[in-house]
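This report refers to the structure that appears directly beneath it.
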Amino acid sequence: MAVVLGYATRAVAVLPWVILAVCAMSDLLLSWPRRRSVSVKNPTEVFVGETFDLEIEVDRPAPGLQGQLDWPDGIIGPARFDLSDGRAWISCRAVRRGKWEWNSLWLNWRSRLGLFEFVPKLAFGLSVDVVPNIRLVQSGAITAKVQSQLFGVKENRAIGEGTEFHQLRDFVPGMDAGSIDWKRSARHRTLVAKEVRAERNHHVIVALDNGYLMREVIAGVPKIDHAVTSALATAWAAAVGGDMVGLYAYDAQPRLFLPPEPGRLAFARLRSHTAAMRYESRETNHTLAMTELNSRSPKRSLIIVFSDFVDTTSAELMIENVSVLAKRHLIMFVALRDPELDALVNEAPADMDGVAEAVSTGQLLKERRQVFERLTQLGVMIIDAEPNAVSAKLISKYIEIKAREMI
C-alpha cells in the first residue's frame, strides 16, 4: 500500500515504530535494573547422602524475580527458585564427596511493561565440603550398642569365654572345673580358679574396592560412598571394642594402606583419608590388591572387604584371591544390594519388555547368590543388604565375632 500511495503514507508507517520506541524507552526508565547484592547462608560441611538448606537473600527484589544456580556435580538442587520476596530457602542434596563451589547467581525478571527480560549475573563465593557420613557415630548409637553388649550387662559372658587371662578367684560350686589352677591351688591350699576374658587388640582392617563398579549409583549415592559410611561405622565399633583398626583402599592397584592402630585417633585418620579418596574409573585388579594386603597383614586379622561384581565370570578372580586371604585371616565380604533390582523381580511386569527385564534381573541375582555360596564354602562371612541396613548388620556381626573369639 505504501508503494501505491507513495509518500502520503510514509508518516503513518513510521508512527508505530515511534510509539514502540517511546514505550521501550519508558519501560527501560521504569524498570532499569539497579545494582543488587546477594548474601548466602550455608553449612560449611555436609554428610554425603543428606539434604541441607541454602538461604539466599537479594536486596531490592522485583516482582516475579527468579534465581538460578549452576549446580556442581556433587550437589543437586532445583533448576530455578522464586526470589520475588527477596529471600529463598533452597533444599539441596549432597550426592558425592568433595569440595564443591558456586561462583555466581543468575537472576531473571521481566520489565514493568513486559517488553524486556533482565538476566544479570551476581558474583559471590560459596563452598561446601561434602564428607563421609558419620551420623551413626555422632548419635552415640554404636557406642551404646558395643559397650552394652561387650562390657555392660553382658560382661560376665565376656569374662570366662575368652583366651586372655584376667584374674584369679576362689573356686565356688557351679564354676567350670576346667578353670581350676591346680598349681596355685596347691600353693594356697585351697581351690583357685582362673578367669579369662575376651581378648582385645585384635586387628580389624577395612578393605575398600574403589574400582569403576563401585561408582554405580544406588539410592542417589555411589556405592563407594555407602561403603565408606558403613566402613567408618564399623571402624568406630571396633575402636570402642578395644581393637586396632586399619584401612586399605585399592582399584587397578593398591592406593592406600593405614596399618591397624588403637584408639579413637585411628578413626579420625580413617575419616580424613576416606574423605580424600577420588572416584576412580578403572577396573579393579583383585589379584594385585589381595596379594598386597596379604603381605602387609602378617597377623591374623578380621578383614572386611567392600567390593562388587557383575557376574560369575568377573567374580572368579575375586573368589580365588579372597580364598588365599581366608587361609590366614577371618574374612567378611560386604555387598550392597540394589533395591530396584529386587523390585523388578518381585513386581508383575506390565508388558513384554518388563518380562525380559525381570528374567535377566532374576538370572543376575541367581548368579550373585552362587558367588556368595562359593565364598561361604571358603569360610567367608557374607553381608548382602541394602545400603541403609549394612551398617547395623556389620556391627552386629562384629559383636558376635568378638563374643565368640573367632579372630
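Chain labels follow the order of the C-alpha cells: the first chain is A, the next B, and so on; residue numbering restarts at 1 in every chain, and ligands are counted from 1 in their shown order.
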
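Summary of the local environment: counting only C-alpha atoms, residues at most 10 Å from A:Tyr212, other than itself and those fewer than 6 positions away along its chain, are Lys223, Ile224, Asp251, Ala252, Tyr279, Glu280, Ser281, Arg282, Glu283, Thr284 and Asp308 of chain A.
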
Based on the selection just made, write all heavy atoms of those residues as a PDB file, in the first residue's frame.
ATOM      1  N   LYS A 223      27.989 -46.360  45.160  1.00  0.00           N
ATOM      2  CA  LYS A 223      28.207 -47.480  46.080  1.00  0.00           C
ATOM      3  C   LYS A 223      29.396 -47.242  46.996  1.00  0.00           C
ATOM      4  O   LYS A 223      29.366 -47.622  48.168  1.00  0.00           O
ATOM      5  CB  LYS A 223      28.428 -48.766  45.285  1.00  0.00           C
ATOM      6  CG  LYS A 223      27.175 -49.412  44.753  1.00  0.00           C
ATOM      7  CD  LYS A 223      27.509 -50.747  44.111  1.00  0.00           C
ATOM      8  CE  LYS A 223      26.248 -51.456  43.636  1.00  0.00           C
ATOM      9  NZ  LYS A 223      26.562 -52.772  43.037  1.00  0.00           N
ATOM     10  N   ILE A 224      30.450 -46.629  46.476  1.00  0.00           N
ATOM     11  CA  ILE A 224      31.643 -46.429  47.294  1.00  0.00           C
ATOM     12  C   ILE A 224      31.340 -45.545  48.496  1.00  0.00           C
ATOM     13  O   ILE A 224      31.907 -45.730  49.580  1.00  0.00           O
ATOM     14  CB  ILE A 224      32.795 -45.845  46.443  1.00  0.00           C
ATOM     15  CG1 ILE A 224      34.079 -45.725  47.265  1.00  0.00           C
ATOM     16  CG2 ILE A 224      32.417 -44.526  45.830  1.00  0.00           C
ATOM     17  CD1 ILE A 224      34.609 -47.031  47.781  1.00  0.00           C
ATOM     18  N   ASP A 251      42.174 -50.136  43.655  1.00  0.00           N
ATOM     19  CA  ASP A 251      41.391 -50.223  42.422  1.00  0.00           C
ATOM     20  C   ASP A 251      42.227 -51.021  41.422  1.00  0.00           C
ATOM     21  O   ASP A 251      42.388 -52.228  41.602  1.00  0.00           O
ATOM     22  CB  ASP A 251      40.994 -48.838  41.890  1.00  0.00           C
ATOM     23  CG  ASP A 251      42.153 -47.847  41.910  1.00  0.00           C
ATOM     24  OD1 ASP A 251      42.983 -47.879  40.989  1.00  0.00           O
ATOM     25  OD2 ASP A 251      42.227 -47.043  42.861  1.00  0.00           O
ATOM     26  N   ALA A 252      42.777 -50.371  40.396  1.00  0.00           N
ATOM     27  CA  ALA A 252      43.666 -51.086  39.483  1.00  0.00           C
ATOM     28  C   ALA A 252      44.971 -51.484  40.166  1.00  0.00           C
ATOM     29  O   ALA A 252      45.662 -52.404  39.720  1.00  0.00           O
ATOM     30  CB  ALA A 252      43.949 -50.234  38.245  1.00  0.00           C
ATOM     31  N   TYR A 279      37.120 -40.650  43.017  1.00  0.00           N
ATOM     32  CA  TYR A 279      36.253 -41.592  42.307  1.00  0.00           C
ATOM     33  C   TYR A 279      37.008 -42.107  41.087  1.00  0.00           C
ATOM     34  O   TYR A 279      37.317 -41.344  40.171  1.00  0.00           O
ATOM     35  CB  TYR A 279      34.954 -40.905  41.885  1.00  0.00           C
ATOM     36  CG  TYR A 279      34.086 -40.479  43.046  1.00  0.00           C
ATOM     37  CD1 TYR A 279      34.215 -39.203  43.586  1.00  0.00           C
ATOM     38  CD2 TYR A 279      33.158 -41.343  43.607  1.00  0.00           C
ATOM     39  CE1 TYR A 279      33.423 -38.803  44.649  1.00  0.00           C
ATOM     40  CE2 TYR A 279      32.365 -40.955  44.673  1.00  0.00           C
ATOM     41  CZ  TYR A 279      32.503 -39.683  45.188  1.00  0.00           C
ATOM     42  OH  TYR A 279      31.726 -39.285  46.257  1.00  0.00           O
ATOM     43  N   GLU A 280      37.306 -43.403  41.079  1.00  0.00           N
ATOM     44  CA  GLU A 280      38.116 -43.987  40.023  1.00  0.00           C
ATOM     45  C   GLU A 280      37.234 -44.619  38.944  1.00  0.00           C
ATOM     46  O   GLU A 280      36.126 -45.080  39.231  1.00  0.00           O
ATOM     47  CB  GLU A 280      39.065 -45.044  40.592  1.00  0.00           C
ATOM     48  CG  GLU A 280      40.060 -44.500  41.610  1.00  0.00           C
ATOM     49  CD  GLU A 280      41.111 -43.592  40.987  1.00  0.00           C
ATOM     50  OE1 GLU A 280      41.225 -43.598  39.735  1.00  0.00           O
ATOM     51  OE2 GLU A 280      41.816 -42.888  41.721  1.00  0.00           O
ATOM     52  N   SER A 281      37.750 -44.649  37.728  1.00  0.00           N
ATOM     53  CA  SER A 281      37.018 -45.225  36.593  1.00  0.00           C
ATOM     54  C   SER A 281      37.746 -46.427  36.009  1.00  0.00           C
ATOM     55  O   SER A 281      37.494 -46.829  34.869  1.00  0.00           O
ATOM     56  CB  SER A 281      36.817 -44.161  35.499  1.00  0.00           C
ATOM     57  OG  SER A 281      36.084 -43.065  35.995  1.00  0.00           O
ATOM     58  N   ARG A 282      38.640 -47.022  36.780  1.00  0.00           N
ATOM     59  CA  ARG A 282      39.404 -48.162  36.296  1.00  0.00           C
ATOM     60  C   ARG A 282      38.908 -49.465  36.898  1.00  0.00           C
ATOM     61  O   ARG A 282      38.342 -49.484  37.992  1.00  0.00           O
ATOM     62  CB  ARG A 282      40.887 -47.970  36.618  1.00  0.00           C
ATOM     63  CG  ARG A 282      41.547 -46.918  35.746  1.00  0.00           C
ATOM     64  CD  ARG A 282      42.972 -46.639  36.155  1.00  0.00           C
ATOM     65  NE  ARG A 282      43.045 -45.794  37.334  1.00  0.00           N
ATOM     66  CZ  ARG A 282      44.145 -45.224  37.767  1.00  0.00           C
ATOM     67  NH1 ARG A 282      45.277 -45.423  37.127  1.00  0.00           N
ATOM     68  NH2 ARG A 282      44.139 -44.456  38.825  1.00  0.00           N
ATOM     69  N   GLU A 283      39.144 -50.546  36.182  1.00  0.00           N
ATOM     70  CA  GLU A 283      38.717 -51.863  36.655  1.00  0.00           C
ATOM     71  C   GLU A 283      39.614 -52.316  37.799  1.00  0.00           C
ATOM     72  O   GLU A 283      40.829 -52.092  37.798  1.00  0.00           O
ATOM     73  CB  GLU A 283      38.771 -52.865  35.505  1.00  0.00           C
ATOM     74  CG  GLU A 283      38.240 -54.240  35.888  1.00  0.00           C
ATOM     75  CD  GLU A 283      38.225 -55.180  34.701  1.00  0.00           C
ATOM     76  OE1 GLU A 283      38.645 -54.757  33.603  1.00  0.00           O
ATOM     77  OE2 GLU A 283      37.812 -56.341  34.872  1.00  0.00           O
ATOM     78  N   THR A 284      39.014 -52.998  38.756  1.00  0.00           N
ATOM     79  CA  THR A 284      39.751 -53.442  39.940  1.00  0.00           C
ATOM     80  C   THR A 284      40.614 -54.652  39.618  1.00  0.00           C
ATOM     81  O   THR A 284      40.162 -55.594  38.964  1.00  0.00           O
ATOM     82  CB  THR A 284      38.759 -53.804  41.067  1.00  0.00           C
ATOM     83  OG1 THR A 284      37.969 -52.658  41.363  1.00  0.00           O
ATOM     84  CG2 THR A 284      39.506 -54.241  42.313  1.00  0.00           C
ATOM     85  N   ASP A 308      32.379 -55.420  44.703  1.00  0.00           N
ATOM     86  CA  ASP A 308      31.223 -55.673  43.857  1.00  0.00           C
ATOM     87  C   ASP A 308      31.672 -56.480  42.648  1.00  0.00           C
ATOM     88  O   ASP A 308      32.861 -56.555  42.337  1.00  0.00           O
ATOM     89  CB  ASP A 308      30.587 -54.348  43.417  1.00  0.00           C
ATOM     90  CG  ASP A 308      29.170 -54.537  42.888  1.00  0.00           C
ATOM     91  OD1 ASP A 308      28.645 -55.666  43.000  1.00  0.00           O
ATOM     92  OD2 ASP A 308      28.597 -53.582  42.341  1.00  0.00           O
TER      93      ASP A 308
END

List the spatial neighbours of A:Val240 as a ChimeraX atom specification - criterion: any atom at most 9 Å away, only C-alpha atoms, same-chain residues fewer than 3 positions off excluded. /A:142-143,146-147,235-237,243,263-264

Find the residues near A:Leu69: any atom within 10 Å, counting only C-alpha atoms, skip ones fewer than 5 places away on the same chain, and give them as a compact mmCIF listing (two decimals) with C-alpha atoms, in the first residue's frame.
# COMPACT_ATOMS: atom_id res chain seq x y z
CA GLY A 77 19.02 -28.83 43.68
CA PRO A 78 16.13 -27.13 41.87
CA ALA A 79 16.71 -25.63 38.43
CA ARG A 80 15.00 -22.36 39.43
CA PHE A 81 13.65 -20.83 42.61
CA TRP A 102 29.38 -21.84 43.39
CA ASN A 103 30.73 -18.59 41.98
CA SER A 104 27.64 -16.81 40.72
CA LEU A 105 23.88 -16.45 40.91
CA TRP A 106 21.77 -15.80 37.81
CA LEU A 107 18.71 -13.61 38.26

Please provide the set of residues having any atom within 8 Å of A:Val380, restricted to only C-alpha atoms, with same-chain residues fewer than 2 positions apart removed, written as a PyMOL selection string. chain A and resi 326+330-333+375-378+382

Stretch 191-301 of chain A residues near stretch 49-63 of chain A within 9 Å, closest pair each, using only C-alpha atoms, as a tab-separated table:
residue	atom	partner	partner_atom	distance
A:Ala219	CA	A:Gly49	CA	8.7
A:Gly220	CA	A:Gly49	CA	7.5
A:Val221	CA	A:Gly49	CA	6.2
A:Asp225	CA	A:Gly49	CA	8.4
A:His226	CA	A:Gly49	CA	8.6

Atoms to include: N, CA, C and O atoms. Write the selected residues as an mmCIF file, in the first residue's frame.
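This is the output file again.cif:
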data_model
loop_
_atom_site.group_PDB
_atom_site.id
_atom_site.type_symbol
_atom_site.label_atom_id
_atom_site.label_comp_id
_atom_site.auth_asym_id
_atom_site.auth_seq_id
_atom_site.Cartn_x
_atom_site.Cartn_y
_atom_site.Cartn_z
ATOM 1 N N ALA A 219 20.267 -45.524 45.362
ATOM 2 C CA ALA A 219 19.555 -44.565 46.221
ATOM 3 C C ALA A 219 20.163 -43.168 46.106
ATOM 4 O O ALA A 219 20.262 -42.445 47.096
ATOM 5 N N GLY A 220 20.599 -42.820 44.903
ATOM 6 C CA GLY A 220 21.101 -41.475 44.648
ATOM 7 C C GLY A 220 22.539 -41.224 45.039
ATOM 8 O O GLY A 220 23.039 -40.114 44.851
ATOM 9 N N VAL A 221 23.241 -42.241 45.559
ATOM 10 C CA VAL A 221 24.617 -42.074 46.034
ATOM 11 C C VAL A 221 25.467 -43.219 45.483
ATOM 12 O O VAL A 221 25.008 -44.363 45.438
ATOM 13 N N ASP A 225 30.428 -44.583 48.345
ATOM 14 C CA ASP A 225 30.087 -43.729 49.479
ATOM 15 C C ASP A 225 29.258 -44.476 50.514
ATOM 16 O O ASP A 225 29.409 -44.263 51.721
ATOM 17 N N HIS A 226 28.357 -45.340 50.055
ATOM 18 C CA HIS A 226 27.649 -46.207 51.001
ATOM 19 C C HIS A 226 28.647 -47.104 51.741
ATOM 20 O O HIS A 226 28.527 -47.333 52.952
#

query = Could you write out, as an NGL selection string, all the residues of stretch 121-364 of chain A that DSSP marks as strand (DSSP E)?
reply = :A and (121-131 or 159-170 or 192-197 or 203-209 or 217-218 or 221-222 or 244-250 or 254-261 or 301-306 or 330-336)

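A straight line drawn from atom CA of A:Leu344 to atom CA of A:Ile218 is 14.6 Å long.
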